[in-house]
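Pasted below: work-v9.cif, mmCIF, C-alpha atoms and all ligand atoms.
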data_upload
#
loop_
_atom_site.label_atom_id
_atom_site.label_comp_id
_atom_site.auth_asym_id
_atom_site.auth_seq_id
_atom_site.Cartn_x
_atom_site.Cartn_y
_atom_site.Cartn_z
CA MET A 1 14.80 -67.49 29.72
CA ALA A 2 16.97 -69.84 31.77
CA LYS A 3 19.03 -70.33 28.67
CA ALA A 4 19.81 -66.65 28.13
CA GLY A 5 23.50 -66.08 28.73
CA SER A 6 25.49 -63.02 29.67
CA ASN A 7 26.36 -62.42 26.00
CA ASP A 8 22.78 -61.57 25.12
CA VAL A 9 22.15 -57.88 25.31
CA LEU A 10 18.68 -57.42 26.71
CA GLY A 11 16.48 -54.35 26.58
CA PRO A 12 15.72 -52.61 29.89
CA VAL A 13 12.46 -54.46 30.71
CA ALA A 14 13.97 -57.84 29.80
CA ALA A 15 17.12 -57.10 31.83
CA LEU A 16 15.08 -56.17 34.91
CA ARG A 17 12.90 -59.27 34.59
CA ARG A 18 15.93 -61.49 34.09
CA ILE A 19 17.53 -60.05 37.26
CA ALA A 20 14.34 -60.73 39.24
CA PHE A 21 14.14 -64.24 37.83
CA LEU A 22 17.74 -65.03 38.78
CA LEU A 23 17.32 -63.61 42.29
CA GLU A 24 14.22 -65.75 42.85
CA ARG A 25 15.90 -68.79 41.34
CA GLY A 26 18.80 -68.22 43.75
CA ARG A 27 16.34 -67.90 46.66
CA GLU A 28 17.44 -64.38 47.52
CA ASP A 29 15.46 -61.87 49.55
CA THR A 30 12.06 -61.29 47.93
CA PHE A 31 12.04 -57.60 48.89
CA LYS A 32 15.01 -56.93 46.60
CA VAL A 33 13.30 -58.87 43.83
CA GLN A 34 10.10 -56.84 43.98
CA ALA A 35 12.08 -53.63 43.35
CA PHE A 36 13.25 -54.92 39.96
CA ARG A 37 9.82 -56.21 38.96
CA LYS A 38 8.25 -52.87 39.95
CA ALA A 39 10.81 -50.97 37.90
CA ALA A 40 10.06 -53.16 34.87
CA ALA A 41 6.34 -52.48 35.32
CA ALA A 42 7.05 -48.73 35.62
CA ILE A 43 8.89 -48.40 32.30
CA LEU A 44 6.85 -50.93 30.31
CA PRO A 45 3.93 -48.57 29.45
CA LEU A 46 6.13 -45.57 28.50
CA PRO A 47 5.95 -44.36 24.88
CA PRO A 48 8.88 -45.18 22.55
CA GLY A 49 11.97 -43.09 23.22
CA GLU A 50 10.81 -41.96 26.65
CA VAL A 51 13.13 -44.26 28.64
CA GLU A 52 16.12 -43.14 26.52
CA ARG A 53 15.16 -39.50 27.08
CA LEU A 54 14.95 -39.97 30.86
CA VAL A 55 18.35 -41.71 30.86
CA ASP A 56 19.90 -38.84 28.85
CA GLU A 57 18.47 -36.27 31.24
CA GLY A 58 19.50 -38.28 34.32
CA ARG A 59 15.88 -38.30 35.49
CA LEU A 60 15.09 -42.02 35.55
CA THR A 61 14.60 -42.15 39.29
CA ASP A 62 11.85 -39.51 39.01
CA LEU A 63 9.67 -42.42 37.89
CA PRO A 64 7.76 -43.97 40.78
CA GLY A 65 9.10 -47.51 41.22
CA VAL A 66 12.58 -46.83 39.81
CA GLY A 67 15.34 -46.62 42.41
CA ALA A 68 19.11 -46.21 42.24
CA SER A 69 19.98 -49.85 41.48
CA SER A 70 17.17 -50.50 39.00
CA GLY A 71 18.03 -47.12 37.39
CA LYS A 72 21.60 -48.29 36.80
CA VAL A 73 20.35 -51.44 35.13
CA ILE A 74 18.01 -49.49 32.85
CA ALA A 75 20.71 -46.98 31.89
CA ALA A 76 23.20 -49.71 30.98
CA ALA A 77 20.60 -51.64 28.96
CA VAL A 78 19.60 -48.49 27.08
CA ARG A 79 23.27 -47.94 26.17
CA GLY A 80 23.36 -51.48 24.78
CA GLU A 81 25.59 -52.79 27.57
CA VAL A 82 25.10 -55.80 29.82
CA PRO A 83 24.21 -54.32 33.25
CA GLU A 84 26.85 -55.17 35.85
CA ARG A 85 24.24 -56.50 38.26
CA LEU A 86 22.93 -58.86 35.61
CA ALA A 87 26.40 -60.15 34.69
CA THR A 88 27.11 -60.90 38.37
CA LEU A 89 23.81 -62.75 38.82
CA GLU A 90 24.27 -64.76 35.62
CA LYS A 91 27.53 -66.06 37.09
CA ALA A 92 26.06 -66.75 40.52
CA HIS A 93 22.63 -68.17 39.75
CA ALA A 94 22.20 -69.23 36.11
CA GLY A 95 23.81 -72.66 36.38
CA PRO A 96 22.04 -75.96 37.03
CA LEU A 97 20.36 -76.00 40.45
CA ALA A 98 20.96 -79.69 41.05
CA PRO A 99 23.83 -82.01 40.08
CA GLY A 100 21.58 -84.43 38.15
CA GLY A 101 18.15 -84.89 36.63
CA ARG A 102 18.85 -83.00 33.40
CA ALA A 103 17.31 -85.58 31.06
CA LEU A 104 14.19 -85.81 33.19
CA ARG A 105 13.93 -82.05 33.38
CA ALA A 106 14.08 -81.90 29.59
CA ALA A 107 11.23 -84.45 29.47
CA LEU A 108 8.91 -82.37 31.68
CA ARG A 109 6.24 -80.54 29.68
CA GLY A 110 4.84 -78.47 32.48
CA ASP A 111 4.21 -77.90 36.15
CA LEU A 112 1.11 -78.77 38.20
CA HIS A 113 1.55 -76.53 41.26
CA SER A 114 2.04 -72.74 41.28
CA HIS A 115 0.75 -69.69 43.17
CA SER A 116 0.01 -66.11 42.11
CA ASP A 117 -0.56 -62.95 44.13
CA TRP A 118 -4.25 -63.92 44.30
CA SER A 119 -3.25 -66.10 47.28
CA ASP A 120 0.26 -66.09 48.81
CA GLY A 121 2.42 -65.80 45.69
CA GLY A 122 4.37 -62.62 44.93
CA SER A 123 3.55 -62.03 41.26
CA PRO A 124 0.50 -61.56 39.04
CA ILE A 125 -0.94 -64.51 37.12
CA GLU A 126 0.32 -63.25 33.74
CA GLU A 127 3.90 -62.88 35.01
CA MET A 128 3.87 -66.51 36.17
CA ALA A 129 2.49 -67.56 32.78
CA PHE A 130 5.03 -65.51 30.76
CA THR A 131 7.89 -67.06 32.71
CA ALA A 132 6.51 -70.56 32.20
CA VAL A 133 6.43 -69.84 28.45
CA GLU A 134 10.04 -68.65 28.59
CA LEU A 135 11.05 -71.84 30.40
CA GLY A 136 9.62 -73.85 27.52
CA HIS A 137 6.63 -75.30 29.38
CA ASP A 138 3.61 -76.45 27.37
CA TYR A 139 1.38 -75.87 30.38
CA LEU A 140 1.31 -74.49 33.90
CA VAL A 141 -1.45 -75.25 36.38
CA LEU A 142 -2.38 -72.24 38.51
CA THR A 143 -3.13 -73.63 41.97
CA ASP A 144 -3.90 -70.86 44.42
CA HIS A 145 -5.04 -71.80 47.92
CA SER A 146 -8.59 -72.64 49.09
CA PRO A 147 -10.78 -70.54 51.47
CA ARG A 148 -9.82 -72.07 54.80
CA LEU A 149 -6.17 -71.10 54.42
CA THR A 150 -6.94 -67.49 55.36
CA ILE A 151 -3.29 -66.78 56.23
CA ALA A 152 -2.48 -67.34 52.54
CA HIS A 153 -5.55 -65.39 51.28
CA GLY A 154 -7.25 -68.57 50.11
CA LEU A 155 -9.80 -68.00 47.36
CA SER A 156 -13.54 -68.17 48.07
CA ALA A 157 -15.71 -69.80 45.40
CA GLU A 158 -16.55 -66.29 44.13
CA ARG A 159 -12.92 -65.19 43.83
CA LEU A 160 -11.97 -68.48 42.21
CA ALA A 161 -14.75 -67.98 39.64
CA ARG A 162 -13.34 -64.52 38.87
CA GLN A 163 -9.84 -65.99 38.60
CA LEU A 164 -11.04 -68.46 35.96
CA ASP A 165 -12.09 -65.52 33.75
CA VAL A 166 -8.60 -64.05 34.12
CA VAL A 167 -7.05 -67.39 33.14
CA ASP A 168 -9.22 -67.41 30.00
CA ALA A 169 -8.05 -63.88 29.17
CA VAL A 170 -4.36 -64.78 29.68
CA ASN A 171 -4.74 -67.81 27.41
CA GLU A 172 -6.37 -65.67 24.70
CA HIS A 173 -3.33 -63.40 24.70
CA LEU A 174 -0.80 -66.22 24.70
CA GLY A 175 -2.13 -68.18 21.74
CA GLY A 176 -2.15 -71.94 21.39
CA ALA A 177 1.37 -73.25 22.08
CA PHE A 178 1.11 -72.79 25.84
CA THR A 179 -1.90 -73.26 28.14
CA LEU A 180 -2.40 -71.88 31.61
CA LEU A 181 -4.54 -74.59 33.19
CA LYS A 182 -7.23 -73.99 35.80
CA GLY A 183 -6.40 -75.54 39.12
CA ILE A 184 -6.31 -75.26 42.88
CA GLU A 185 -4.26 -76.36 45.85
CA VAL A 186 -7.22 -77.36 47.93
CA ASP A 187 -6.91 -77.95 51.67
CA ILE A 188 -7.60 -81.46 52.92
CA LEU A 189 -9.98 -80.81 55.83
CA ASP A 190 -9.74 -82.67 59.15
CA ASP A 191 -12.29 -85.27 58.02
CA GLY A 192 -10.70 -85.75 54.58
CA GLY A 193 -13.16 -83.46 52.78
CA LEU A 194 -11.87 -80.92 50.27
CA ASP A 195 -12.10 -77.21 51.04
CA GLN A 196 -13.99 -75.99 47.95
CA THR A 197 -17.45 -76.53 46.50
CA ASP A 198 -17.96 -79.47 44.15
CA GLU A 199 -19.28 -77.03 41.60
CA MET A 200 -16.02 -75.08 41.54
CA LEU A 201 -13.82 -78.19 41.76
CA GLY A 202 -15.72 -79.46 38.73
CA ARG A 203 -14.87 -76.33 36.73
CA LEU A 204 -11.14 -76.88 37.27
CA GLN A 205 -8.80 -78.99 35.15
CA VAL A 206 -6.19 -80.23 37.68
CA ARG A 207 -6.54 -80.32 41.47
CA VAL A 208 -3.70 -80.65 43.97
CA ALA A 209 -4.90 -81.47 47.50
CA SER A 210 -2.67 -80.91 50.52
CA VAL A 211 -2.74 -81.01 54.31
CA HIS A 212 -1.90 -77.58 55.78
CA SER A 213 -3.43 -77.82 59.26
CA LYS A 214 -3.26 -80.12 62.27
CA LEU A 215 -0.08 -81.73 60.97
CA LYS A 216 0.40 -83.30 64.39
CA MET A 217 -2.85 -85.24 64.19
CA GLU A 218 -2.67 -88.74 65.61
CA PRO A 219 -1.37 -91.13 62.85
CA ASP A 220 -4.54 -93.26 62.55
CA GLN A 221 -6.66 -90.15 62.11
CA MET A 222 -4.20 -88.65 59.63
CA THR A 223 -4.23 -91.87 57.58
CA LYS A 224 -8.04 -91.87 57.45
CA ARG A 225 -8.05 -88.20 56.54
CA MET A 226 -5.59 -88.65 53.64
CA VAL A 227 -7.20 -91.85 52.34
CA ALA A 228 -10.65 -90.24 52.36
CA ALA A 229 -9.33 -87.28 50.38
CA THR A 230 -7.62 -89.57 47.88
CA ARG A 231 -10.92 -91.33 47.22
CA ASN A 232 -12.53 -88.00 46.33
CA PRO A 233 -12.87 -88.12 42.51
CA PHE A 234 -11.81 -84.49 42.20
CA MET A 235 -8.38 -85.13 43.69
CA ASN A 236 -5.53 -85.57 41.19
CA VAL A 237 -2.31 -84.89 43.10
CA LEU A 238 -1.38 -85.44 46.75
CA GLY A 239 0.66 -82.29 47.55
CA HIS A 240 3.77 -82.36 49.84
CA CYS A 241 2.49 -85.45 51.69
CA THR A 242 4.29 -85.06 55.04
CA GLY A 243 4.28 -81.25 55.30
CA ARG A 244 7.78 -81.29 56.76
CA LEU A 245 10.19 -78.34 56.48
CA VAL A 246 13.89 -79.18 56.42
CA THR A 247 15.50 -75.76 55.93
CA GLY A 248 14.70 -72.12 55.12
CA ASN A 249 13.44 -68.95 56.77
CA ARG A 250 10.18 -70.56 57.98
CA GLY A 251 12.23 -72.82 60.23
CA VAL A 252 12.09 -76.60 60.35
CA ARG A 253 9.35 -78.96 61.46
CA PRO A 254 8.93 -82.73 61.36
CA GLY A 255 6.49 -84.28 58.92
CA SER A 256 3.07 -85.53 59.93
CA ARG A 257 2.82 -89.26 60.70
CA PHE A 258 0.51 -91.62 58.81
CA ASP A 259 0.42 -95.16 57.44
CA ALA A 260 2.18 -94.48 54.15
CA GLU A 261 1.38 -97.94 52.73
CA LYS A 262 -2.34 -97.33 53.14
CA VAL A 263 -2.17 -93.81 51.74
CA PHE A 264 -0.06 -94.78 48.72
CA ALA A 265 -2.25 -97.85 48.08
CA ALA A 266 -5.23 -95.47 47.90
CA CYS A 267 -3.25 -93.28 45.49
CA VAL A 268 -2.55 -96.28 43.21
CA GLU A 269 -6.15 -97.48 43.38
CA ASN A 270 -7.54 -94.05 42.50
CA GLY A 271 -4.89 -92.93 40.03
CA VAL A 272 -3.80 -90.04 42.26
CA ALA A 273 -0.23 -88.83 41.68
CA VAL A 274 2.13 -88.42 44.62
CA GLU A 275 3.78 -85.03 44.38
CA ILE A 276 7.56 -84.72 44.44
CA ASN A 277 7.66 -81.20 45.82
CA SER A 278 10.76 -79.47 44.44
CA ARG A 279 11.06 -76.73 47.04
CA PRO A 280 14.41 -77.18 48.79
CA GLU A 281 12.87 -76.35 52.16
CA ARG A 282 10.38 -79.21 51.76
CA ARG A 283 12.13 -82.12 50.01
CA ASP A 284 8.83 -83.93 50.35
CA PRO A 285 8.27 -86.91 50.32
CA PRO A 286 11.34 -87.91 52.31
CA THR A 287 13.51 -90.44 50.43
CA LYS A 288 12.18 -93.53 52.23
CA LEU A 289 8.60 -92.60 51.41
CA LEU A 290 9.53 -91.69 47.85
CA GLU A 291 11.03 -95.15 47.39
CA LEU A 292 8.01 -96.80 48.98
CA ALA A 293 5.67 -94.96 46.60
CA ARG A 294 7.93 -95.99 43.72
CA ASP A 295 7.83 -99.65 44.76
CA MET A 296 4.06 -99.58 45.22
CA GLY A 297 3.51 -98.37 41.66
CA CYS A 298 2.33 -94.80 42.30
CA LEU A 299 2.16 -92.11 39.66
CA PHE A 300 4.16 -88.97 40.43
CA SER A 301 4.07 -85.28 39.64
CA ILE A 302 7.25 -83.21 39.93
CA ASP A 303 6.03 -79.77 41.01
CA SER A 304 7.73 -76.46 41.71
CA ASP A 305 5.09 -75.20 44.19
CA SER A 306 6.42 -71.81 43.11
CA HIS A 307 5.35 -68.59 44.77
CA ALA A 308 7.41 -66.41 42.39
CA PRO A 309 8.34 -66.68 38.69
CA GLY A 310 12.00 -67.59 39.29
CA GLN A 311 10.92 -70.46 41.53
CA LEU A 312 9.30 -72.14 38.52
CA ASP A 313 12.82 -73.28 37.66
CA MET A 314 13.19 -75.22 40.92
CA LEU A 315 11.86 -78.31 39.15
CA ASP A 316 15.58 -79.16 38.83
CA TYR A 317 15.64 -80.25 42.47
CA GLY A 318 12.67 -82.59 42.12
CA CYS A 319 14.03 -84.07 38.88
CA HIS A 320 17.31 -84.84 40.58
CA ARG A 321 15.51 -86.66 43.39
CA ALA A 322 13.24 -88.61 41.01
CA GLU A 323 16.22 -89.66 38.92
CA GLU A 324 18.12 -90.80 42.01
CA ALA A 325 15.10 -92.86 43.02
CA GLY A 326 15.02 -94.42 39.55
CA ILE A 327 11.47 -93.39 38.70
CA GLU A 328 10.62 -93.95 35.03
CA PRO A 329 9.62 -90.75 33.17
CA ASP A 330 6.31 -92.21 31.96
CA ARG A 331 5.12 -92.56 35.57
CA ILE A 332 5.57 -88.82 36.02
CA VAL A 333 2.35 -87.20 34.83
CA ASN A 334 3.91 -83.88 33.86
CA THR A 335 6.04 -85.59 31.23
CA TRP A 336 2.71 -86.25 29.49
CA GLU A 337 1.36 -84.02 26.78
CA ARG A 338 -1.47 -81.74 27.77
CA ASP A 339 -4.39 -83.77 26.43
CA ARG A 340 -3.23 -86.98 28.09
CA LEU A 341 -2.77 -85.09 31.35
CA LEU A 342 -6.26 -83.59 31.14
CA ALA A 343 -7.86 -86.95 30.33
CA TRP A 344 -6.15 -88.48 33.37
CA ALA A 345 -7.24 -85.59 35.61
CA ALA A 346 -10.87 -85.99 34.50
CA ALA A 347 -10.88 -89.80 34.53
CA ARG A 348 -12.93 -90.21 37.73
CA LEU A 349 -15.50 -87.47 37.07
ZN ZN A 401 0.89 -76.41 50.19
ZN ZN A 402 1.53 -74.73 47.21
#
Re-express the file's structure as structure tokens.
Ligand SMILES: [Zn+2]
Ligand SMILES: [Zn+2]
Amino acid sequence: MAKAGSNDVLGPVAALRRIAFLLERGREDTFKVQAFRKAAAAILPLPPGEVERLVDEGRLTDLPGVGASSGKVIAAAVRGEVPERLATLEKAHAGPLAPGGRALRAALRGDLHSHSDWSDGGSPIEEMAFTAVELGHDYLVLTDHSPRLTIAHGLSAERLARQLDVVDAVNEHLGGAFTLLKGIEVDILDDGGLDQTDEMLGRLQVRVASVHSKLKMEPDQMTKRMVAATRNPFMNVLGHCTGRLVTGNRGVRPGSRFDAEKVFAACVENGVAVEINSRPERRDPPTKLLELARDMGCLFSIDSDSHAPGQLDMLDYGCHRAEEAGIEPDRIVNTWERDRLLAWAAARL
């Protein structure tokens, strides 16, 4: 999908989805994006010829979910034209997101950190999966939040169990070339425990663990907390290790303080990957810590931490940073093929 250019003439559903993707990729207002995704969902189930008929009769906007601007896009696509809105967005947002990291990006086979509308993401599971397929991923790990993060609708054990059935169903529809993997972004509790039952953690394939609360904890305590989590055999990836925010509409905040040598040593010892979080508002770990983890021999995972389909493409930012830090591709676990990744993730169980 990222490769589609303005010369391709897309059908109405594809044009609407492409517009939403580009808006999300360009970090534009999510409210605008939802309108295009809703319009695509509104016309998708219509019988053949019905969209054309509504365009001819000028009645497109009678459909719930289709407004003036999405209607224009649909009408142009039905006439076989490139919608003006799409052409503008292709120019503005389709180019590379970062000045470097292209070779590394091409070497990535998937993404270990993504959210759906089951927690605080904006799109259904299948939409995230379809977009990952279009980006050429071999796998995407679905990592919705854990129960304690109530603000993000964290999943109870029961909801997570239901989600796993949905993941199975999505995989059945998608066939064998791509796999949606079962995962979680589990909260690291104050004492270093993980915020989900062992039974459920054991049913998952890849587990990202992150600190989301008490970021200002005293450094000794924070170090103990992170090291204890890293020793937990279920933990595979240390998510956004400092929790800092450097830009964006959530404001900025400093990272938590901890003894990074001790934490990264625990990561090396336990085969836990340090996440390079690609979100521009995070840029986590900060460069000094990224270089320390590199020098200490850590594994890495370049993750999008996407909360919308278009954000899946933000891996560009993380690849640029990893390349600048000179991290070899084979130390980045999502350059690995699926079976090697899964064997690594299950190695301590
Ligand atoms: Zn997080
Ligand atoms: Zn996340």
Record the distance separating CA of Lys262 (chain A) and CA of Asp295 (chain A), expressed in Å with one decimal.
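Distance between the two atoms: 13.4 Å.
Nearest to Val51 (chain A) of all the residues A:Pro64, A:Pro12, A:Gly110, A:Pro83 is A:Pro12, based on only C-alpha atoms.
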Step by step, measure atom-to-atom distances between ligand ZN 401 (chain A) and each residue using all atoms listed in the file, keep those at most 12 Å, then write them as a VMD selection string.
chain A and resid 113 to 115 119 to 121 143 to 146 149 152 154 184 to 188 208 to 213 237 to 245 275 277 to 279 282 284 303 to 307
Could you please give me, as a PDB file with C-alpha atoms, in the frame of the given file, the residues of protein, DNA or RNA lying at most 10 Å from (16.0, -73.0, 53.0) in the coordinate frame of the file, considering only C-alpha atoms?
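Once everything was written out, this is result-v5.pdb:
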ATOM      1  CA  ARG A  27      16.340 -67.900  46.660  1.00  0.00           C
ATOM      2  CA  LEU A 245      10.190 -78.340  56.480  1.00  0.00           C
ATOM      3  CA  VAL A 246      13.890 -79.180  56.420  1.00  0.00           C
ATOM      4  CA  THR A 247      15.500 -75.760  55.930  1.00  0.00           C
ATOM      5  CA  GLY A 248      14.700 -72.120  55.120  1.00  0.00           C
ATOM      6  CA  ASN A 249      13.440 -68.950  56.770  1.00  0.00           C
ATOM      7  CA  ARG A 250      10.180 -70.560  57.980  1.00  0.00           C
ATOM      8  CA  GLY A 251      12.230 -72.820  60.230  1.00  0.00           C
ATOM      9  CA  VAL A 252      12.090 -76.600  60.350  1.00  0.00           C
ATOM     10  CA  ARG A 279      11.060 -76.730  47.040  1.00  0.00           C
ATOM     11  CA  PRO A 280      14.410 -77.180  48.790  1.00  0.00           C
ATOM     12  CA  GLU A 281      12.870 -76.350  52.160  1.00  0.00           C
ATOM     13  CA  ARG A 282      10.380 -79.210  51.760  1.00  0.00           C
TER      14      ARG A 282
END
For each of A:Leu290, A:Met200, A:Val55, A:Leu349, take the minimum atom-to-atom distance to Leu160 (chain A), counting all atoms listed in the file, then give the residue where this is smallest.
A:Met200
What is the CA of Val73 (chain A)-CA of Leu44 (chain A) distance in Å, reported with one decimal?
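Straight-line distance from CA of Val73 (chain A) to CA of Leu44 (chain A) works out to 14.3 Å.
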To one decimal in Å, tell me the separation between CA of Arg338 (chain A) and CA of Asp168 (chain A).
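For CA of Arg338 (chain A) relative to CA of Asp168 (chain A), the distance reads 16.4 Å.
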I want to know what sits within 8 Å of Arg105 (chain A), based on only C-alpha atoms, with residues of the same chain fewer than 5 positions away left out; could you give that as an mmCIF file with C-alpha atoms, in the coordinates of the input?
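Resulting contents of part01.cif:
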data_model
loop_
_atom_site.group_PDB
_atom_site.id
_atom_site.type_symbol
_atom_site.label_atom_id
_atom_site.label_comp_id
_atom_site.auth_asym_id
_atom_site.auth_seq_id
_atom_site.Cartn_x
_atom_site.Cartn_y
_atom_site.Cartn_z
ATOM 1 C CA LEU A 315 11.860 -78.310 39.150
ATOM 2 C CA ASP A 316 15.580 -79.160 38.830
ATOM 3 C CA CYS A 319 14.030 -84.070 38.880
#
Could the residues of region 113-202 of chain A that have an atom at most 10 Å from region 218-231 of chain A be listed as CSV, each with its closest atom pair and the distance in Å to one decimal, counting all atoms listed in the file and ordered by chain and ascending residue number?
residue,atom,partner,partner_atom,distance
A:Asp187,CA,A:Ala229,CA,9.7
A:Ile188,CA,A:Ala229,CA,6.6
A:Leu189,CA,A:Arg225,CA,7.7
A:Asp190,CA,A:Arg225,CA,6.3
A:Asp191,CA,A:Arg225,CA,5.4
A:Gly192,CA,A:Arg225,CA,4.1
A:Gly193,CA,A:Ala229,CA,5.9
A:Leu194,CA,A:Ala229,CA,6.8
With distances taken over all atoms listed in the file, which residue among A:Asn232, A:Thr131, A:Asn334, A:Gln163 lies nearest Gln311 (chain A)?
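Checking each candidate against Gln311 (chain A), we get A:Thr131 as the closest.
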Using all atoms listed in the file, pick whichever of A:Lys32, A:Arg348, A:Arg321, A:Arg207 has the shortest atom-to-atom distance to ligand ZN 402 (chain A).
A:Arg207
Nearest to ligand ZN 402 (chain A) by atom-to-atom distance, counting all atoms listed in the file, from A:Leu312, A:Ala87, A:Ala347, A:Ala132
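Selected residue with least distance to ligand ZN 402 (chain A): A:Leu312.
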Using all atoms listed in the file, can you tell me which of A:Cys267, A:Ile332, A:Ala308, A:Val9 comes closest to ligand ZN 402 (chain A)?
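Using all atoms listed in the file, the shortest distance to ligand ZN 402 (chain A) belongs to A:Ala308.
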Shell of 12 Å around Ala76 (chain A), only C-alpha atoms, local chain residues under 2 positions omitted, as a list in words
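That gives Val9, Leu10, Gly11, Pro12, Val13, Ala15, Leu16, Val51, Glu52, Val55, Asp56, Ser69, Ser70, Gly71, Lys72, Val73, Ile74, Val78, Arg79, Gly80, Glu81, Val82, Pro83, Glu84, Arg85, Leu86 and Ala87 of chain A.
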Please provide as a CSV table (one decimal) with C-alpha atoms, in the coordinates of the input all residues within 7 Å of Ala107 (chain A), with the sequence filter that same-chain residues fewer than 3 positions apart are discarded (counting only C-alpha atoms).
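And here's result-v8.csv as it stands now:
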chain,number,residue,atom,x,y,z
A,103,ALA,CA,17.3,-85.6,31.1
A,104,LEU,CA,14.2,-85.8,33.2
A,335,THR,CA,6.0,-85.6,31.2
Write out as a list of chain:residue names which residues come within 12 Å of Trp344 (chain A) when counting all atoms listed in the file, dropping same-chain ones fewer than 2 positions away.
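Non-adjacent residues within range: A:Gln205, A:Val206, A:Arg207, A:Pro233, A:Phe234, A:Met235, A:Asn236, A:Val237, A:Asn270, A:Gly271, A:Val272, A:Ala273, A:Leu299, A:Val333, A:Asn334, A:Trp336, A:Glu337, A:Arg338, A:Asp339, A:Arg340, A:Leu341, A:Leu342, A:Ala346, A:Ala347, A:Arg348, A:Leu349.
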Enclosing box along x, y and z for every listed atom of region 60-79 of chain A, padded 5 Å each side, centre and size in Å, one decimal, as JSON:
{"center_x": 15.5, "center_y": -45.6, "center_z": 34.3, "size_x": 25.5, "size_y": 22.1, "size_z": 26.2}
Compile the contact shell of Leu97 (chain A) as an MDAnalysis selection string: residues with an atom at most 10 Å away, counting all atoms listed in the file, same-chain residues fewer than 4 positions apart removed.
chainID A and resid 25:26 93 101 313:317 320
